[in-house]
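Chemist: Below is the file input-v6.txt, with compact mmCIF, C-alpha atoms.
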```txt
# COMPACT_ATOMS: atom_id res chain seq x y z
CA MET A 27 72.31 101.64 110.57
CA SER A 28 73.02 102.38 114.22
CA GLN A 29 76.31 103.82 115.39
CA PRO A 30 78.96 101.31 116.53
CA LYS A 31 78.35 100.36 120.13
CA ALA A 32 81.01 101.03 122.72
CA LEU A 33 82.74 97.93 123.99
CA ALA A 34 82.20 96.88 127.57
CA ARG A 35 84.97 97.53 130.08
CA ARG A 36 85.62 93.79 130.28
CA GLU A 37 86.20 93.63 126.52
CA VAL A 38 88.58 96.59 126.62
CA LEU A 39 90.59 94.99 129.41
CA GLN A 40 90.67 91.65 127.61
CA THR A 41 91.97 93.33 124.48
CA ALA A 42 94.64 95.33 126.28
CA ALA A 43 95.73 92.39 128.39
CA ALA A 44 95.92 90.05 125.40
CA LEU A 45 98.19 92.37 123.44
CA GLY A 46 99.88 94.80 125.78
CA ILE A 47 101.03 96.78 122.76
CA GLY A 48 99.99 99.70 120.59
CA GLY A 49 99.63 98.11 117.24
CA ALA A 50 96.67 95.78 117.07
CA ALA A 51 93.95 95.71 119.70
CA LEU A 52 91.40 93.33 118.25
CA THR A 53 88.24 91.48 119.25
CA LEU A 54 87.26 89.92 115.99
CA ALA A 55 84.91 87.18 114.86
CA PRO A 56 85.73 83.90 113.11
CA SER A 57 86.54 84.15 109.42
CA ALA A 58 85.59 81.57 106.83
CA HIS A 59 89.22 80.61 106.31
CA GLY A 60 90.36 81.18 109.91
CA ALA A 61 89.97 79.33 113.15
CA GLN A 62 86.51 79.10 114.64
CA ALA A 63 87.11 81.07 117.82
CA GLY A 64 84.34 81.70 120.28
CA GLY A 65 83.33 84.72 122.28
CA ASN A 66 85.68 87.67 122.09
CA GLN A 67 88.76 85.76 120.97
CA LEU A 68 90.71 87.01 118.00
CA HIS A 69 89.22 85.49 114.89
CA PHE A 70 92.61 84.26 113.73
CA ALA A 71 93.95 83.43 117.19
CA ALA A 72 94.34 79.68 116.79
CA GLN A 73 96.33 80.11 113.57
CA SER A 74 98.32 83.24 114.40
CA GLY A 75 102.05 82.78 114.61
CA LEU A 76 101.93 84.38 118.05
CA VAL A 77 99.96 81.33 119.20
CA THR A 78 101.44 78.50 117.16
CA GLY A 79 105.00 79.79 116.89
CA LYS A 80 104.81 79.03 113.16
CA PRO A 81 103.97 81.33 110.22
CA LYS A 82 100.29 81.50 109.44
CA GLU A 83 99.47 79.81 106.14
CA LEU A 84 99.31 82.18 103.17
CA ARG A 85 96.14 81.83 101.09
CA TYR A 86 97.75 82.73 97.77
CA GLU A 87 101.11 82.78 96.00
CA GLU A 88 100.36 85.90 94.01
CA ILE A 89 97.54 88.33 93.29
CA PRO A 90 97.42 89.03 89.54
CA GLY A 91 97.15 92.73 88.90
CA LEU A 92 98.60 93.62 92.30
CA LEU A 93 101.47 91.41 93.44
CA THR A 94 103.59 88.78 91.72
CA LYS A 95 104.92 85.63 93.36
CA ALA A 96 108.39 87.22 93.23
CA GLN A 97 107.06 90.00 95.43
CA VAL A 98 104.88 87.98 97.80
CA THR A 99 107.35 85.16 98.55
CA PRO A 100 110.22 87.15 100.10
CA HIS A 101 107.75 89.41 101.89
CA TYR A 102 106.09 86.42 103.52
CA ARG A 103 109.24 84.38 104.17
CA ALA A 104 111.82 87.02 105.07
CA HIS A 105 109.84 89.83 106.63
CA TYR A 106 106.77 88.22 108.19
CA SER A 107 108.36 84.86 109.04
CA GLY A 108 111.59 86.61 110.01
CA ALA A 109 109.73 88.83 112.48
CA LEU A 110 108.03 85.76 113.95
CA ASN A 111 111.32 83.89 114.31
CA ARG A 112 112.85 86.85 116.10
CA PHE A 113 109.81 87.20 118.35
CA ASN A 114 110.01 83.51 119.29
CA ALA A 115 113.69 83.92 120.15
CA ILE A 116 112.92 86.96 122.31
CA GLU A 117 110.14 85.10 124.12
CA THR A 118 112.52 82.22 124.87
CA ALA A 119 115.21 84.58 126.11
CA LEU A 120 112.79 86.48 128.34
CA ASP A 121 111.25 83.27 129.73
CA GLU A 122 114.71 82.11 130.75
CA ARG A 123 115.37 85.42 132.47
CA PHE A 124 112.02 85.33 134.27
CA ARG A 125 112.75 81.86 135.65
CA GLY A 126 116.19 82.92 136.83
CA LYS A 127 117.24 84.98 139.80
CA ASP A 128 119.41 87.61 138.13
CA PRO A 129 118.15 91.22 138.13
CA LEU A 130 115.91 92.03 135.19
CA GLY A 131 117.92 94.89 133.76
CA GLY A 132 120.90 95.87 131.69
CA ASP A 133 121.31 96.95 128.09
CA ALA A 134 120.55 93.52 126.60
CA TYR A 135 117.34 93.24 128.61
CA ILE A 136 116.20 96.72 127.55
CA LEU A 137 116.84 95.92 123.89
CA LEU A 138 114.87 92.68 124.18
CA GLN A 139 111.88 94.47 125.69
CA LYS A 140 111.83 97.11 122.94
CA ASP A 141 112.38 94.64 120.12
CA LYS A 142 109.62 92.42 121.51
CA LEU A 143 106.98 95.07 120.80
CA ASN A 144 108.33 95.78 117.35
CA ARG A 145 108.37 92.12 116.31
CA MET A 146 105.03 91.25 117.93
CA ASN A 147 103.27 94.10 116.13
CA SER A 148 105.02 93.18 112.89
CA VAL A 149 103.66 89.64 113.07
CA LEU A 150 100.09 90.77 113.76
CA LEU A 151 100.05 93.50 111.13
CA HIS A 152 101.53 91.24 108.47
CA GLU A 153 98.88 88.61 109.18
CA LEU A 154 96.12 91.21 108.89
CA TYR A 155 97.71 92.57 105.71
CA PHE A 156 98.00 89.24 103.92
CA ASP A 157 94.51 88.20 105.04
CA ASN A 158 92.77 91.35 103.80
CA LEU A 159 93.90 90.86 100.20
CA ILE A 160 92.33 88.55 97.60
CA ALA A 161 92.71 87.94 93.87
CA LYS A 162 88.99 88.29 93.10
CA PRO A 163 87.65 90.86 95.54
CA PRO A 164 83.96 90.94 96.46
CA GLN A 165 82.03 94.19 96.69
CA PRO A 166 82.03 95.98 100.06
CA HIS A 167 79.12 94.92 102.24
CA GLU A 168 76.43 97.53 102.67
CA ASP A 169 76.93 97.99 106.41
CA ILE A 170 80.68 98.67 106.22
CA ARG A 171 80.19 100.85 103.14
CA THR A 172 77.54 102.84 105.00
CA ALA A 173 79.76 103.21 108.07
CA LEU A 174 82.65 104.46 105.94
CA ALA A 175 80.40 106.89 104.08
CA ARG A 176 78.98 108.24 107.35
CA ARG A 177 82.45 108.83 108.78
CA PHE A 178 84.31 110.05 105.69
CA GLY A 179 81.52 111.57 103.59
CA SER A 180 81.41 108.75 101.06
CA PHE A 181 83.06 105.42 100.38
CA GLU A 182 85.17 107.08 97.68
CA ARG A 183 86.32 109.78 100.12
CA TRP A 184 87.38 107.07 102.54
CA GLN A 185 89.46 105.50 99.77
CA GLU A 186 91.03 108.85 99.00
CA ASP A 187 91.88 109.48 102.65
CA PHE A 188 93.16 105.94 103.18
CA LYS A 189 95.45 106.23 100.17
CA GLY A 190 96.65 109.59 101.45
CA CYS A 191 97.51 108.12 104.86
CA SER A 192 99.27 105.18 103.21
CA MET A 193 101.33 107.54 101.09
CA ALA A 194 102.22 109.61 104.16
CA ALA A 195 103.33 106.54 106.12
CA ASN A 196 106.74 104.93 106.04
CA GLY A 197 105.39 101.63 107.37
CA TRP A 198 101.64 101.05 107.51
CA GLY A 199 98.39 102.62 106.39
CA ILE A 200 95.60 101.42 108.69
CA LEU A 201 91.86 101.85 108.94
CA ALA A 202 91.06 101.31 112.60
CA ARG A 203 88.11 101.63 114.92
CA ASP A 204 88.90 103.27 118.24
CA ILE A 205 87.54 101.39 121.25
CA VAL A 206 87.21 104.54 123.34
CA ASN A 207 84.94 106.64 121.10
CA GLY A 208 83.85 104.05 118.51
CA LYS A 209 84.99 106.20 115.59
CA LEU A 210 86.82 105.08 112.45
CA TYR A 211 90.24 106.54 111.69
CA ASN A 212 92.74 106.20 108.87
CA VAL A 213 96.19 106.36 110.44
CA ALA A 214 99.74 106.55 109.13
CA SER A 215 102.27 104.44 111.04
CA ASP A 216 106.00 104.83 110.44
CA LEU A 217 107.08 101.83 112.50
CA HIS A 218 105.28 98.78 113.81
CA GLU A 219 104.85 100.42 117.20
CA ILE A 220 104.86 104.12 116.28
CA GLY A 221 101.94 106.14 114.90
CA VAL A 222 99.11 103.90 116.10
CA ILE A 223 95.93 104.18 118.16
CA TRP A 224 96.59 102.34 121.39
CA LEU A 225 93.15 100.77 121.54
CA GLY A 226 92.58 100.85 117.81
CA GLN A 227 91.12 97.76 116.15
CA PRO A 228 92.49 97.40 112.60
CA LEU A 229 89.98 96.73 109.83
CA VAL A 230 92.15 97.38 106.76
CA VAL A 231 95.95 97.15 106.82
CA CYS A 232 98.30 98.20 104.00
CA ASP A 233 102.02 97.48 104.26
CA VAL A 234 103.87 100.40 102.66
CA TYR A 235 107.41 99.47 103.63
CA GLU A 236 109.44 99.21 100.43
CA HIS A 237 109.84 95.46 100.94
CA ALA A 238 106.07 95.10 100.36
CA PHE A 239 106.09 96.51 96.82
CA TYR A 240 109.59 97.28 95.48
CA VAL A 241 110.06 94.11 93.40
CA ASP A 242 106.91 94.88 91.41
CA TYR A 243 106.74 98.68 91.57
CA GLN A 244 110.26 99.94 92.34
CA ASN A 245 109.71 103.54 93.52
CA ARG A 246 106.12 103.78 92.25
CA LYS A 247 104.52 103.65 95.68
CA GLN A 248 101.44 105.58 94.56
CA GLU A 249 100.67 102.97 91.89
CA TYR A 250 100.94 100.20 94.48
CA VAL A 251 98.66 102.01 96.93
CA ASN A 252 96.11 102.78 94.20
CA ARG A 253 95.97 99.12 93.22
CA PHE A 254 95.95 97.86 96.81
CA VAL A 255 92.47 99.26 97.50
CA GLN A 256 91.17 97.43 94.41
CA PHE A 257 92.07 93.98 95.82
CA LEU A 258 90.63 94.13 99.31
CA ASP A 259 88.82 91.10 100.67
CA TRP A 260 85.65 92.84 101.82
CA ASP A 261 84.24 89.58 103.16
CA GLU A 262 87.16 89.43 105.59
CA ILE A 263 86.96 93.14 106.40
CA ASN A 264 83.22 92.87 106.97
CA ARG A 265 83.76 89.99 109.42
CA ARG A 266 86.16 92.21 111.34
CA TRP A 267 83.61 95.03 111.31
CA GLN A 268 80.60 92.91 112.28
CA ALA A 269 82.41 91.59 115.34
CA LEU A 270 82.69 95.13 116.68
CA ASN A 271 78.95 95.75 116.39
CA ARG A 272 77.41 92.75 118.14
```
What would you get if you wrote out this structure as structure tokens?
Modeler:
Amino acid sequence: MSQPKALARREVLQTAAALGIGGAALTLAPSAHGAQAGGNQLHFAAQSGLVTGKPKELRYEEIPGLLTKAQVTPHYRAHYSGALNRFNAIETALDERFRGKDPLGGDAYILLQKDKLNRMNSVLLHELYFDNLIAKPPQPHEDIRTALARRFGSFERWQEDFKGCSMAANGWGILARDIVNGKLYNVASDLHEIGVIWLGQPLVVCDVYEHAFYVDYQNRKQEYVNRFVQFLDWDEINRRWQALNR
């Protein structure tokens, strides 16, 4: 299999302009359960809460063997939906300021600008997280398995490194492809906007905040991370990967 091709300058600029943040630079293809977006649009763009203003529909209530309904429901409703609600409120507040004539400054304005990035990244990462899990996971496609083996030595070594990054992180473990050099990286992010690759395109996202696993696992984070990699939707991940190699 050939090495991932570098994205054109136009694609890089589209990605950066669309997001303007450090957490989730994506140019992904349509998924089977997502919106049919054309060209270089995000594959989930039409259904993302950042577009609709409403939480993206969750495909499952629980994932037996990984997450119970008691764990998934508050995560989806309080943390993901809560981040979206806050982001919508920030957008409204900023729009009102932009249309006004008062100076764009002051403590409240600074806090809004910082919280905007945090909440926007939280929405995107939660959507990627929920979408890359499935109750009956398919086997990894040969092309993504080969790419992971080439980069990390073997598919199993990628898993080991990904789990290590997830354990090291306070917020997110992420497998991302860097736009600049085309390489795959496992990264540990402590906050939604801290510890990320600025032009990284997430392929696998694991939420390791305690709210993502504490109901089911209490302080057994390692058990949660070990099980997480066993329930990945490799069809979804492969769609993300294929879009980067057109």
Chemist: Using all atoms listed in the file for the distances, tell me which of A:His105, A:Arg125, A:Lys95, A:Arg183 is nearest to A:His237.
Modeler: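 Ranking A:His105, A:Arg125, A:Lys95, A:Arg183 by distance to A:His237, first place goes to A:His105.
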Chemist: Could you name the residues that touch A:Ala194 at 10 Å or less, counting all atoms listed in the file, but leaving out those on the same chain fewer than 3 positions away, as a ChimeraX atom specification?
Modeler: /A:188-191,197-199,213-216,234
Chemist: In terms of the shortest atom-to-atom distance over only C-alpha atoms, which of A:Met193, A:Leu174, A:Ala115, A:Ile160 is closest to A:Gly79?
Modeler: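 Closest to A:Gly79, using only C-alpha atoms: A:Ala115.
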Chemist: Could you tell me, as JSON, numbers by chain, which residues have any atom at most 8 Å from (104.7, 84.7, 115.0), counting all atoms listed in the file?
Modeler: {"A": [74, 75, 76, 77, 78, 79, 80, 81, 82, 106, 107, 109, 110, 111, 113, 114, 146, 149, 150]}
Chemist: Once you have the residues from the selection above, write them out as a PDB file, in the frame of the given file, restricted to C-alpha atoms.
Modeler:
```pdb
ATOM      1  CA  SER A  74      98.320  83.240 114.400  1.00  0.00           C
ATOM      2  CA  GLY A  75     102.050  82.780 114.610  1.00  0.00           C
ATOM      3  CA  LEU A  76     101.930  84.380 118.050  1.00  0.00           C
ATOM      4  CA  VAL A  77      99.960  81.330 119.200  1.00  0.00           C
ATOM      5  CA  THR A  78     101.440  78.500 117.160  1.00  0.00           C
ATOM      6  CA  GLY A  79     105.000  79.790 116.890  1.00  0.00           C
ATOM      7  CA  LYS A  80     104.810  79.030 113.160  1.00  0.00           C
ATOM      8  CA  PRO A  81     103.970  81.330 110.220  1.00  0.00           C
ATOM      9  CA  LYS A  82     100.290  81.500 109.440  1.00  0.00           C
ATOM     10  CA  TYR A 106     106.770  88.220 108.190  1.00  0.00           C
ATOM     11  CA  SER A 107     108.360  84.860 109.040  1.00  0.00           C
ATOM     12  CA  ALA A 109     109.730  88.830 112.480  1.00  0.00           C
ATOM     13  CA  LEU A 110     108.030  85.760 113.950  1.00  0.00           C
ATOM     14  CA  ASN A 111     111.320  83.890 114.310  1.00  0.00           C
ATOM     15  CA  PHE A 113     109.810  87.200 118.350  1.00  0.00           C
ATOM     16  CA  ASN A 114     110.010  83.510 119.290  1.00  0.00           C
ATOM     17  CA  MET A 146     105.030  91.250 117.930  1.00  0.00           C
ATOM     18  CA  VAL A 149     103.660  89.640 113.070  1.00  0.00           C
ATOM     19  CA  LEU A 150     100.090  90.770 113.760  1.00  0.00           C
TER      20      LEU A 150
END
```
Chemist: Smallest atom-to-atom distance to A:Ala195: which of A:Ile116, A:Ile170, A:Glu236, A:Trp224, using only C-alpha atoms?
Modeler: A:Glu236
Chemist: Please measure the separation of atom CA of A:Val251 and atom CA of A:Leu154, giving the value in Å to one decimal.
Modeler: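 Value for the atom CA of A:Val251-atom CA of A:Leu154 distance: 16.3 Å.
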Chemist: Looking at A:His101, A:Glu87, A:Leu143, A:Leu229, which one is nearest to A:Val241, with distances taken over all atoms listed in the file?
Modeler: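 Of the candidates, the smallest distance to A:Val241 is held by A:His101.
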Chemist: Atom CA of A:Gly226 and atom CA of A:Arg266, how far apart in Å?
Modeler: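 Taking atom CA of A:Arg266 and atom CA of A:Gly226, their separation equals 12.6 Å.
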Chemist: State, in Å with one decimal place, the distance from atom CA of A:Tyr155 to atom CA of A:Lys209.
Modeler: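 Here the two named atoms are 21.1 Å from each other.
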Chemist: Given the choices A:Phe257, A:Trp267, A:Tyr211, A:Phe181, which gets closest to A:Glu88 if the distance is worked out from all atoms listed in the file?
Modeler: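 Among A:Phe257, A:Trp267, A:Tyr211, A:Phe181, it is A:Phe257 that comes nearest to A:Glu88.
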Chemist: Got a sec: who's within 12 Å of A:Asp261, counting only C-alpha atoms, leaving out chain neighbours fewer than 4 positions off, as a VMD selection string?
Modeler: chain A and resid 55 to 59 157 to 160 162 to 171 229 to 230 257 265 to 268
Chemist: Between A:Arg253, A:Arg103, A:Lys247, A:Arg203, which residue has the minimum interatomic distance to A:Ile89, considering all atoms listed in the file?
Modeler: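 Closest to A:Ile89 of all the choices is A:Arg253.
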